[in-house]
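Trainee: Dropping in input.cif, which is mmCIF, C-alpha atoms:
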```
data_structure
#
loop_
_atom_site.label_atom_id
_atom_site.label_comp_id
_atom_site.auth_asym_id
_atom_site.auth_seq_id
_atom_site.Cartn_x
_atom_site.Cartn_y
_atom_site.Cartn_z
CA MET D 5 -1.43 28.99 3.71
CA ILE D 6 1.57 26.86 2.81
CA ALA D 7 1.56 25.38 6.31
CA THR D 8 -2.10 24.46 5.92
CA PHE D 9 -1.38 22.78 2.61
CA VAL D 10 1.57 20.85 4.04
CA VAL D 11 -0.46 19.55 6.97
CA LEU D 12 -3.39 18.60 4.76
CA ALA D 13 -1.17 16.97 2.14
CA ALA D 14 0.77 14.97 4.71
CA GLY D 15 -2.44 13.77 6.35
CA LEU D 16 -4.04 12.76 3.09
CA THR D 17 -0.88 11.03 1.95
CA ALA D 18 -0.63 9.00 5.13
CA ALA D 19 -4.27 7.97 4.81
CA ALA D 20 -3.80 7.04 1.16
CA ALA D 21 -0.69 5.00 1.94
CA ILE D 22 -2.47 3.02 4.65
CA ALA D 23 -5.34 2.28 2.27
CA VAL D 24 -3.20 1.35 -0.70
CA ALA D 25 -0.67 -0.70 1.23
CA ILE D 26 -3.35 -3.32 1.82
CA PRO D 27 -3.41 -4.61 -1.80
CA LEU D 28 0.03 -3.37 -2.67
CA LEU D 29 2.02 -5.95 -0.80
CA ARG D 30 -0.42 -8.84 -0.46
CA ARG D 31 0.92 -12.40 -0.47
CA GLY D 32 1.68 -13.78 -3.90
CA ALA D 33 1.96 -17.40 -4.92
CA THR D 34 5.61 -17.62 -3.88
CA SER D 35 6.07 -14.53 -1.75
CA ALA D 36 6.02 -13.61 1.91
CA PRO D 37 3.49 -11.07 3.16
CA ALA D 38 4.65 -7.49 3.83
CA ARG D 39 1.38 -5.62 4.08
CA TRP D 40 1.76 -4.34 7.63
CA ALA D 41 5.35 -3.41 6.91
CA ALA D 42 4.07 -1.26 4.06
CA LEU D 43 1.68 0.44 6.45
CA ALA D 44 4.47 1.28 8.85
CA ALA D 45 7.32 2.27 6.60
CA THR D 46 5.25 4.00 3.93
CA ALA D 47 3.74 6.20 6.60
CA VAL D 48 7.24 7.34 7.55
CA LEU D 49 8.17 8.14 4.01
CA VAL D 50 5.03 9.96 2.97
CA VAL D 51 5.00 12.14 6.07
CA GLY D 52 8.57 13.06 5.20
CA SER D 53 7.42 13.86 1.68
CA GLY D 54 4.78 16.15 3.10
CA LEU D 55 7.46 18.07 4.95
CA LEU D 56 9.35 18.51 1.69
CA TYR D 57 6.53 20.69 0.40
CA ALA D 58 7.48 23.31 2.94
CA SER D 59 11.26 22.87 2.91
CA TRP D 60 12.00 22.39 -0.80
CA GLY D 61 9.00 23.78 -2.64
CA ASN D 62 9.44 27.06 -4.50
CA TRP D 63 5.74 27.64 -5.13
CA HIS D 64 3.96 30.56 -3.54
CA TRP D 65 0.69 29.33 -2.12
CA SER D 66 0.15 32.34 0.07
CA ALA D 67 -1.92 33.95 -2.64
CA ALA D 68 -4.40 31.09 -2.64
CA PRO D 69 -7.86 32.11 -1.42
CA ALA D 70 -8.95 30.90 1.99
CA GLY D 71 -10.65 27.52 1.89
CA ASP D 72 -9.07 26.57 -1.46
CA SER D 73 -9.07 22.81 -2.04
CA PRO D 74 -5.98 20.66 -2.63
CA GLN D 75 -7.35 19.79 -6.08
CA ASN D 76 -7.46 23.47 -7.07
CA MET D 77 -3.95 24.09 -5.75
CA VAL D 78 -2.59 21.11 -7.67
CA ALA D 79 -4.35 22.29 -10.82
CA ARG D 80 -2.69 25.69 -10.39
CA LEU D 81 0.67 23.99 -9.97
CA ALA D 82 0.10 22.08 -13.22
CA ARG D 83 -0.69 25.35 -15.02
CA GLU D 84 2.48 26.91 -13.61
CA LEU D 85 4.49 24.04 -15.06
CA GLU D 86 2.94 24.59 -18.48
CA ARG D 87 4.57 28.03 -18.40
CA ASP D 88 7.80 26.72 -16.84
CA PRO D 89 8.23 23.13 -18.11
CA GLN D 90 11.93 22.92 -17.15
CA ASN D 91 11.26 23.29 -13.42
CA LEU D 92 12.49 19.98 -11.98
CA ASP D 93 11.38 20.72 -8.41
CA GLY D 94 7.95 21.69 -9.73
CA TRP D 95 7.47 18.34 -11.50
CA LEU D 96 8.58 16.48 -8.37
CA MET D 97 6.09 18.43 -6.29
CA LEU D 98 3.38 17.74 -8.86
CA GLY D 99 4.13 14.01 -8.67
CA ARG D 100 3.88 14.05 -4.87
CA SER D 101 0.65 16.03 -5.08
CA TYR D 102 -0.97 13.58 -7.49
CA VAL D 103 -0.06 10.70 -5.16
CA VAL D 104 -1.82 12.57 -2.35
CA LEU D 105 -4.92 12.85 -4.55
CA GLN D 106 -4.57 9.17 -5.61
CA GLU D 107 -4.19 10.22 -9.25
CA TYR D 108 -1.49 7.65 -9.83
CA PRO D 109 -1.24 7.71 -13.68
CA LEU D 110 -0.80 11.50 -13.53
CA ALA D 111 1.75 11.11 -10.76
CA LEU D 112 3.67 8.65 -12.94
CA ARG D 113 3.73 11.11 -15.85
CA ALA D 114 4.98 13.91 -13.59
CA TYR D 115 7.77 11.76 -12.15
CA GLU D 116 8.75 10.53 -15.62
CA ARG D 117 9.06 14.16 -16.74
CA ALA D 118 11.20 14.90 -13.66
CA GLU D 119 13.43 11.91 -14.43
CA ARG D 120 14.00 13.13 -17.98
CA LEU D 121 14.83 16.65 -16.76
CA SER D 122 17.32 15.23 -14.26
CA GLY D 123 18.97 13.00 -16.82
CA GLY D 124 18.01 9.97 -14.75
CA LYS D 125 19.94 11.28 -11.73
CA SER D 126 17.03 12.22 -9.42
CA VAL D 127 16.50 9.63 -6.71
CA GLU D 128 13.14 11.18 -5.83
CA ALA D 129 11.96 10.93 -9.45
CA LEU D 130 13.03 7.27 -9.70
CA THR D 131 11.42 6.23 -6.40
CA GLY D 132 8.34 8.28 -7.23
CA GLU D 133 7.98 6.45 -10.55
CA ALA D 134 8.35 3.10 -8.79
CA GLU D 135 5.75 4.05 -6.18
CA ALA D 136 3.24 5.24 -8.80
CA LEU D 137 3.76 2.09 -10.91
CA ALA D 138 3.21 -0.16 -7.89
CA LEU D 139 0.08 1.73 -6.88
CA ILE D 140 -1.30 1.32 -10.40
CA ASP D 141 -0.32 -2.35 -10.70
CA GLU D 142 1.38 -4.23 -7.85
CA SER D 143 2.92 -6.71 -10.29
CA GLU D 144 5.25 -3.88 -11.32
CA LEU D 145 7.13 -4.63 -8.08
CA ASP D 146 8.47 -7.64 -9.98
CA GLY D 147 9.37 -5.61 -13.08
CA ARG D 148 9.95 -1.97 -13.95
CA ALA D 149 9.38 -0.65 -10.42
CA ALA D 150 12.05 -3.00 -9.06
CA ARG D 151 14.52 -1.84 -11.71
CA LEU D 152 13.84 1.81 -10.85
CA ILE D 153 14.50 1.10 -7.17
CA ASP D 154 17.79 -0.60 -8.06
CA ARG D 155 18.83 2.54 -9.97
CA ALA D 156 17.78 4.78 -7.07
CA LEU D 157 19.81 2.75 -4.56
CA ALA D 158 22.82 2.88 -6.87
CA LEU D 159 22.58 6.69 -6.81
CA ASP D 160 21.86 6.95 -3.08
CA PRO D 161 22.30 3.80 -0.95
CA ASN D 162 20.84 5.71 2.03
CA SER D 163 17.58 6.80 0.40
CA GLY D 164 14.87 5.91 2.91
CA LYS D 165 12.16 5.47 0.32
CA ALA D 166 14.37 3.35 -1.93
CA LEU D 167 15.41 1.19 1.04
CA PHE D 168 11.79 0.64 2.01
CA PHE D 169 10.72 -0.43 -1.46
CA ALA D 170 13.83 -2.58 -1.87
CA ALA D 171 12.99 -4.34 1.41
CA ALA D 172 9.36 -4.82 0.36
CA ILE D 173 10.40 -6.20 -3.03
CA ALA D 174 12.90 -8.58 -1.43
CA GLU D 175 10.29 -9.86 1.04
CA ARG D 176 7.78 -10.23 -1.79
CA ARG D 177 10.30 -12.43 -3.59
CA GLY D 178 10.90 -14.46 -0.44
CA ASP D 179 14.45 -13.16 0.04
CA LEU D 180 14.10 -12.57 3.78
CA PRO D 181 17.81 -12.01 4.54
CA LEU D 182 17.99 -9.20 1.96
CA ALA D 183 14.71 -7.73 3.20
CA ARG D 184 16.10 -7.72 6.74
CA GLN D 185 19.29 -6.05 5.56
CA HIS D 186 17.36 -3.20 3.91
CA PHE D 187 14.99 -2.73 6.87
CA THR D 188 17.94 -2.68 9.27
CA LYS D 189 19.68 -0.01 7.21
CA LEU D 190 16.44 1.97 7.09
CA LEU D 191 16.16 1.73 10.86
CA ALA D 192 19.64 3.25 11.20
CA LEU D 193 18.47 6.45 9.48
CA ASN D 194 17.17 9.48 11.34
CA LEU D 195 13.52 8.42 11.61
CA PRO D 196 10.73 9.73 13.86
CA GLU D 197 10.82 7.94 17.22
CA ASN D 198 7.22 6.73 16.94
CA VAL D 199 8.10 4.85 13.75
CA ARG D 200 11.22 3.07 14.97
CA PRO D 201 9.33 0.48 17.10
CA ILE D 202 7.23 -0.51 14.07
CA LEU D 203 10.31 -1.15 11.95
CA GLU D 204 11.87 -3.07 14.83
CA GLN D 205 8.74 -5.25 14.93
CA GLN D 206 9.10 -5.89 11.21
CA ILE D 207 12.72 -6.99 11.63
CA THR D 208 11.71 -9.21 14.57
CA ALA D 209 8.97 -10.79 12.46
CA ILE D 210 11.48 -11.54 9.69
CA ASP D 211 13.85 -13.07 12.26
CA GLN D 212 11.02 -15.29 13.48
CA LYS D 213 10.25 -16.44 9.93
CA LEU D 214 13.93 -17.18 9.33
CA ALA D 215 14.08 -19.16 12.58
CA VAL D 216 11.00 -21.19 11.63
CA THR D 217 12.42 -21.87 8.19
CA SER D 218 15.68 -23.03 9.71
CA ALA D 219 13.89 -25.26 12.23
CA ASN D 220 11.68 -26.81 9.56
CA ALA D 221 14.70 -27.52 7.40
CA ALA D 222 16.39 -29.26 10.32
CA THR D 223 13.35 -31.37 11.28
CA PRO D 224 11.00 -31.66 8.32
CA GLN D 225 7.46 -32.68 9.14
CA LYS D 226 4.14 -32.79 7.42
CA PRO D 227 1.33 -31.75 9.79
CA SER D 228 -2.18 -32.95 9.21
CA ALA D 229 -4.86 -30.52 8.06
CA GLY D 230 -6.36 -30.53 11.58
CA THR D 231 -2.99 -29.69 13.16
CA ALA D 232 -2.39 -26.88 10.67
CA ASP D 233 -5.78 -25.32 11.45
CA ALA D 234 -5.07 -25.53 15.19
CA VAL D 235 -1.79 -23.67 14.71
CA SER D 236 -3.18 -21.16 12.23
CA PRO D 237 -6.94 -20.44 12.52
CA VAL D 238 -8.58 -20.08 9.13
CA VAL D 239 -11.67 -18.24 7.93
CA ARG D 240 -13.22 -19.85 4.84
CA VAL D 241 -16.00 -18.31 2.76
CA ASN D 242 -17.58 -19.08 -0.57
CA VAL D 243 -18.13 -15.69 -2.23
CA THR D 244 -20.94 -15.32 -4.75
CA LEU D 245 -22.51 -12.34 -6.51
CA ALA D 246 -26.27 -11.74 -6.39
CA PRO D 247 -27.73 -11.82 -9.93
CA SER D 248 -29.38 -8.44 -9.32
CA LEU D 249 -25.93 -6.81 -9.05
CA GLY D 250 -24.39 -8.44 -12.09
CA ALA D 251 -24.84 -5.30 -14.19
CA VAL D 252 -23.38 -3.05 -11.49
CA ALA D 253 -20.18 -5.00 -10.81
CA SER D 254 -17.40 -3.59 -12.99
CA SER D 255 -15.58 -6.06 -15.19
CA GLY D 256 -11.97 -6.40 -14.10
CA ALA D 257 -12.50 -4.61 -10.76
CA PRO D 258 -10.61 -6.27 -7.87
CA LEU D 259 -12.35 -8.13 -5.06
CA PHE D 260 -11.27 -7.35 -1.49
CA VAL D 261 -12.16 -9.78 1.31
CA PHE D 262 -11.67 -8.42 4.84
CA VAL D 263 -11.89 -9.98 8.30
CA ARG D 264 -12.90 -7.40 10.91
CA ASN D 265 -13.56 -7.31 14.62
CA PRO D 266 -17.27 -6.34 14.78
CA GLY D 267 -17.82 -2.81 16.04
CA GLU D 268 -14.10 -1.97 16.13
CA ALA D 269 -12.54 0.76 14.00
CA GLY D 270 -9.06 0.64 12.51
CA PRO D 271 -7.37 -1.68 10.01
CA PRO D 272 -8.94 -5.10 9.43
CA LEU D 273 -7.59 -8.24 11.08
CA ALA D 274 -6.84 -9.81 7.68
CA VAL D 275 -7.35 -8.94 4.03
CA LYS D 276 -6.89 -10.41 0.57
CA ARG D 277 -7.07 -8.81 -2.88
CA LEU D 278 -8.41 -11.14 -5.57
CA ASP D 279 -9.79 -11.16 -9.08
CA SER D 280 -13.55 -10.69 -9.27
CA HIS D 281 -14.92 -14.01 -10.49
CA PHE D 282 -17.77 -15.90 -8.89
CA PRO D 283 -18.25 -18.19 -7.17
CA GLN D 284 -14.86 -18.56 -5.52
CA ASN D 285 -13.65 -19.98 -2.22
CA VAL D 286 -11.47 -17.67 -0.13
CA ALA D 287 -9.38 -18.65 2.91
CA LEU D 288 -7.86 -16.06 5.25
CA SER D 289 -5.49 -16.77 8.13
CA PRO D 290 -3.40 -14.69 10.56
CA ALA D 291 -0.71 -14.71 7.87
CA ASP D 292 -2.97 -12.28 5.97
CA SER D 293 -2.97 -9.78 8.84
CA MET D 294 -1.83 -6.21 8.21
CA VAL D 295 -0.36 -5.26 11.59
CA PRO D 296 1.88 -7.42 13.80
CA GLY D 297 0.04 -8.75 16.82
CA ARG D 298 -3.35 -7.84 15.34
CA ALA D 299 -5.03 -10.97 14.00
CA PHE D 300 -7.97 -13.22 14.75
CA ALA D 301 -7.84 -16.34 16.91
CA ALA D 302 -9.78 -19.55 17.37
CA GLY D 303 -13.08 -19.02 19.18
CA GLN D 304 -13.36 -15.40 18.09
CA SER D 305 -16.50 -14.09 16.37
CA VAL D 306 -15.53 -11.93 13.40
CA GLN D 307 -17.19 -10.12 10.53
CA VAL D 308 -16.16 -11.12 7.00
CA VAL D 309 -16.76 -8.52 4.28
CA ALA D 310 -16.37 -9.00 0.52
CA ARG D 311 -16.38 -5.87 -1.65
CA ILE D 312 -15.93 -5.29 -5.38
CA ALA D 313 -13.80 -2.13 -5.66
CA ARG D 314 -15.01 -0.54 -8.87
CA SER D 315 -12.45 2.27 -8.45
CA GLY D 316 -9.65 -0.20 -7.75
CA SER D 317 -9.06 1.28 -4.29
CA PRO D 318 -9.31 -0.76 -1.09
CA VAL D 319 -11.17 2.16 0.48
CA GLY D 320 -14.91 1.71 0.07
CA ALA D 321 -16.62 4.05 -2.41
CA SER D 322 -20.25 4.80 -3.07
CA GLY D 323 -21.78 2.25 -5.42
CA ASP D 324 -19.33 -0.57 -4.60
CA PRO D 325 -21.14 -3.94 -4.35
CA TYR D 326 -20.50 -5.72 -1.04
CA GLY D 327 -21.70 -8.47 1.25
CA GLU D 328 -20.91 -9.54 4.80
CA VAL D 329 -21.36 -12.46 7.17
CA THR D 330 -20.55 -13.29 10.79
CA TYR D 331 -18.02 -16.10 11.27
CA ARG D 332 -17.01 -18.10 14.36
CA VAL D 333 -13.31 -18.92 13.96
CA GLY D 334 -12.49 -22.53 14.69
CA SER D 335 -16.16 -23.60 14.72
CA ASP D 336 -17.56 -22.64 11.31
CA GLY D 337 -16.36 -24.34 8.17
CA LEU D 338 -16.97 -23.03 4.68
CA VAL D 339 -19.62 -20.29 4.96
CA SER D 340 -21.56 -18.69 2.11
CA LEU D 341 -20.99 -14.94 1.63
CA VAL D 342 -23.27 -13.27 -0.94
CA ILE D 343 -22.44 -9.84 -2.38
CA ASP D 344 -25.95 -8.38 -2.44
CA HIS D 345 -25.66 -4.74 -1.25
CA LEU D 346 -24.37 -1.45 -2.66
CA THR D 347 -22.22 0.93 -0.61
CA PRO D 348 -24.26 4.10 0.08
#
```
Once you've parsed the file, please lay out its structure as structure tokens.
Mentor:
Amino acid sequence: MIATFVVLAAGLTAAAAIAVAIPLLRRGATSAPARWAALAATAVLVVGSGLLYASWGNWHWSAAPAGDSPQNMVARLARELERDPQNLDGWLMLGRSYVVLQEYPLALRAYERAERLSGGKSVEALTGEAEALALIDESELDGRAARLIDRALALDPNSGKALFFAAAIAERRGDLPLARQHFTKLLALNLPENVRPILEQQITAIDQKLAVTSANAATPQKPSAGTADAVSPVVRVNVTLAPSLGAVASSGAPLFVFVRNPGEAGPPLAVKRLDSHFPQNVALSPADSMVPGRAFAAGQSVQVVARIARSGSPVGASGDPYGEVTYRVGSDGLVSLVIDHLTP
């Protein structure tokens, strides 16, 4: 039974990380994008966390009835900790479990309890707190979450999870040399072979950005708007909300705008997370892509989707208002996109 739980937990965690990484590391006003890096490196770390359930956990799941759900098992773990509140490993496992279930405030509380029990010396508790904070509010990457990662790296400079978040934070701040340093150190760790090429692509992408920055500094130029569009194709939409859905749209819920290849599964070609206010003009370019080498190009016909995430998650949920429109990159200008449907 424990093997079943480990496999299920690892799978759910990987899926959750891919979904959450989209808004987690989106481009800020003065920051470089690291969304696809989050997809790659977070997947490594959370799969490793899943394996820790089997290797470090001291909970006996074998007594669980066949077909028991992860939610029930996590609830049982929480009840066990009520009877044994000093169990540090138990609180760490509970934090990981709540991340799997996307119960991020509960995960934060569990990791905070683990940090207190460890006297602030548990790297896993510190990085877990930082992860939960960032998943609740990405701006924490500029505040408390960043400070927690600094403490974790001071305790263990070779912590894979701490190195990943430190690299992501550095890239978010625009400190590309530091981000490269952390990613390079992460690459030197004993990682699964299928992940290494993705991290290598991330380092290559940073090198390319550094080279462009250096070249621009050497020969400054101010391209015209037409030249900029030719170099970087742009999708522009004016997003509005149908009056009939005004009562359904949750106040304060984020707005996600995706560019997709029609009829193709997998991550979108570009994405932005925005505040839900209407109308608003949104521009997406290949710089907003999630995965290196996967972006849209001039002449391509794409599908643009705008969705109000009432749950706060980038993964569509029943009842989320959305709208979509077809867009010809390089030919269409500003296109109207009306949110006038509800997700089944």
Trainee: Which residues, written as a PyMOL selection string, have at least one atom at most 12 Å from Arg151 in chain D, with only C-alpha atoms counted and residues fewer than 3 positions away on the same chain left out?
Mentor: chain D and resi 130-131+133-135+137+144-148+154-158+166+169-170+173
Trainee: Starting from the displayed file, determine the output of the PyMOL selection byres ((chain D and resi 168) around 8) and express the residue list as a PyMOL selection string.
Mentor: chain D and resi 45-46+164-167+169-172+186-187+190
Trainee: For the file shown, what are the residues hit by the PyMOL selection byres ((chain D and resi 295-309) around 6), laid out as an MDAnalysis selection string?
Mentor: chainID D and resid 40 237 261:266 273 290 293:294 310 327:334
Trainee: Given the selection you just returned, output its residues as a file containing C-alpha atoms, formatted as a PDB file, in the coordinates of the input.
Mentor:
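Generated output (part.pdb):
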```
ATOM      1  CA  TRP D  40       1.760  -4.340   7.630  1.00  0.00           C
ATOM      2  CA  PRO D 237      -6.940 -20.440  12.520  1.00  0.00           C
ATOM      3  CA  VAL D 261     -12.160  -9.780   1.310  1.00  0.00           C
ATOM      4  CA  PHE D 262     -11.670  -8.420   4.840  1.00  0.00           C
ATOM      5  CA  VAL D 263     -11.890  -9.980   8.300  1.00  0.00           C
ATOM      6  CA  ARG D 264     -12.900  -7.400  10.910  1.00  0.00           C
ATOM      7  CA  ASN D 265     -13.560  -7.310  14.620  1.00  0.00           C
ATOM      8  CA  PRO D 266     -17.270  -6.340  14.780  1.00  0.00           C
ATOM      9  CA  LEU D 273      -7.590  -8.240  11.080  1.00  0.00           C
ATOM     10  CA  PRO D 290      -3.400 -14.690  10.560  1.00  0.00           C
ATOM     11  CA  SER D 293      -2.970  -9.780   8.840  1.00  0.00           C
ATOM     12  CA  MET D 294      -1.830  -6.210   8.210  1.00  0.00           C
ATOM     13  CA  ALA D 310     -16.370  -9.000   0.520  1.00  0.00           C
ATOM     14  CA  GLY D 327     -21.700  -8.470   1.250  1.00  0.00           C
ATOM     15  CA  GLU D 328     -20.910  -9.540   4.800  1.00  0.00           C
ATOM     16  CA  VAL D 329     -21.360 -12.460   7.170  1.00  0.00           C
ATOM     17  CA  THR D 330     -20.550 -13.290  10.790  1.00  0.00           C
ATOM     18  CA  TYR D 331     -18.020 -16.100  11.270  1.00  0.00           C
ATOM     19  CA  ARG D 332     -17.010 -18.100  14.360  1.00  0.00           C
ATOM     20  CA  VAL D 333     -13.310 -18.920  13.960  1.00  0.00           C
ATOM     21  CA  GLY D 334     -12.490 -22.530  14.690  1.00  0.00           C
TER      22      GLY D 334
END
```
Trainee: What separation in Å, quoted to one decimal, exists between CA of Asn194 in chain D and CA of Asp160 in chain D?
Mentor: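 The value is 15.4 Å.
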Trainee: If I take CA of Trp95 in chain D and CA of Leu152 in chain D, how far is one from the other in Å, to one decimal?
Mentor: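 CA of Leu152 in chain D lies at a distance of 17.7 Å from CA of Trp95 in chain D.
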Trainee: Which residues would end up in the selection if the PyMOL selection byres ((chain D and resi 344) around 7) were applied here, given that I need the answer as a count of residues only?
Mentor: 9
Trainee: From the block you just saw, export range 273-289 of chain D: N, CA and C atoms, as a PDB file, in the first residue's frame.
Mentor:
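Once written, part.pdb looks like this:
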```pdb
ATOM      1  N   LEU D 273       1.589  27.601 -25.325  1.00  0.00           N
ATOM      2  CA  LEU D 273       2.740  28.227 -25.967  1.00  0.00           C
ATOM      3  C   LEU D 273       3.190  29.486 -25.227  1.00  0.00           C
ATOM      4  N   ALA D 274       2.270  30.124 -24.516  1.00  0.00           N
ATOM      5  CA  ALA D 274       2.581  31.321 -23.735  1.00  0.00           C
ATOM      6  C   ALA D 274       1.465  31.508 -22.717  1.00  0.00           C
ATOM      7  N   VAL D 275       1.773  32.183 -21.625  1.00  0.00           N
ATOM      8  CA  VAL D 275       0.761  32.400 -20.588  1.00  0.00           C
ATOM      9  C   VAL D 275       1.139  33.637 -19.773  1.00  0.00           C
ATOM     10  N   LYS D 276       0.105  34.322 -19.295  1.00  0.00           N
ATOM     11  CA  LYS D 276       0.291  35.427 -18.357  1.00  0.00           C
ATOM     12  C   LYS D 276      -0.765  35.330 -17.258  1.00  0.00           C
ATOM     13  N   ARG D 277      -0.361  35.702 -16.051  1.00  0.00           N
ATOM     14  CA  ARG D 277      -1.272  35.782 -14.906  1.00  0.00           C
ATOM     15  C   ARG D 277      -1.467  37.260 -14.576  1.00  0.00           C
ATOM     16  N   LEU D 278      -2.718  37.700 -14.532  1.00  0.00           N
ATOM     17  CA  LEU D 278      -3.020  39.119 -14.367  1.00  0.00           C
ATOM     18  C   LEU D 278      -4.116  39.307 -13.338  1.00  0.00           C
ATOM     19  N   ASP D 279      -4.302  40.535 -12.913  1.00  0.00           N
ATOM     20  CA  ASP D 279      -5.452  40.863 -12.077  1.00  0.00           C
ATOM     21  C   ASP D 279      -6.714  40.886 -12.938  1.00  0.00           C
ATOM     22  N   SER D 280      -7.829  40.487 -12.341  1.00  0.00           N
ATOM     23  CA  SER D 280      -9.094  40.454 -13.079  1.00  0.00           C
ATOM     24  C   SER D 280      -9.772  41.819 -13.034  1.00  0.00           C
ATOM     25  N   HIS D 281      -9.488  42.636 -14.017  1.00  0.00           N
ATOM     26  CA  HIS D 281     -10.222  43.893 -14.196  1.00  0.00           C
ATOM     27  C   HIS D 281     -10.473  44.067 -15.684  1.00  0.00           C
ATOM     28  N   PHE D 282     -11.612  44.609 -16.017  1.00  0.00           N
ATOM     29  CA  PHE D 282     -12.042  44.641 -17.416  1.00  0.00           C
ATOM     30  C   PHE D 282     -12.597  46.018 -17.760  1.00  0.00           C
ATOM     31  N   PRO D 283     -12.381  46.407 -19.038  1.00  0.00           N
ATOM     32  CA  PRO D 283     -11.560  45.729 -20.061  1.00  0.00           C
ATOM     33  C   PRO D 283     -10.079  45.958 -19.798  1.00  0.00           C
ATOM     34  N   GLN D 284      -9.241  45.093 -20.375  1.00  0.00           N
ATOM     35  CA  GLN D 284      -7.798  45.314 -20.322  1.00  0.00           C
ATOM     36  C   GLN D 284      -7.132  44.698 -21.548  1.00  0.00           C
ATOM     37  N   ASN D 285      -6.123  45.402 -22.050  1.00  0.00           N
ATOM     38  CA  ASN D 285      -5.355  44.903 -23.189  1.00  0.00           C
ATOM     39  C   ASN D 285      -4.223  44.016 -22.693  1.00  0.00           C
ATOM     40  N   VAL D 286      -4.041  42.882 -23.346  1.00  0.00           N
ATOM     41  CA  VAL D 286      -3.015  41.919 -22.959  1.00  0.00           C
ATOM     42  C   VAL D 286      -2.165  41.598 -24.184  1.00  0.00           C
ATOM     43  N   ALA D 287      -0.854  41.635 -24.011  1.00  0.00           N
ATOM     44  CA  ALA D 287       0.080  41.281 -25.086  1.00  0.00           C
ATOM     45  C   ALA D 287       0.930  40.109 -24.631  1.00  0.00           C
ATOM     46  N   LEU D 288       1.017  39.077 -25.444  1.00  0.00           N
ATOM     47  CA  LEU D 288       1.849  37.914 -25.153  1.00  0.00           C
ATOM     48  C   LEU D 288       2.837  37.717 -26.295  1.00  0.00           C
ATOM     49  N   SER D 289       4.055  37.355 -25.946  1.00  0.00           N
ATOM     50  CA  SER D 289       5.111  37.131 -26.929  1.00  0.00           C
ATOM     51  C   SER D 289       5.818  35.823 -26.595  1.00  0.00           C
TER      52      SER D 289
END
```
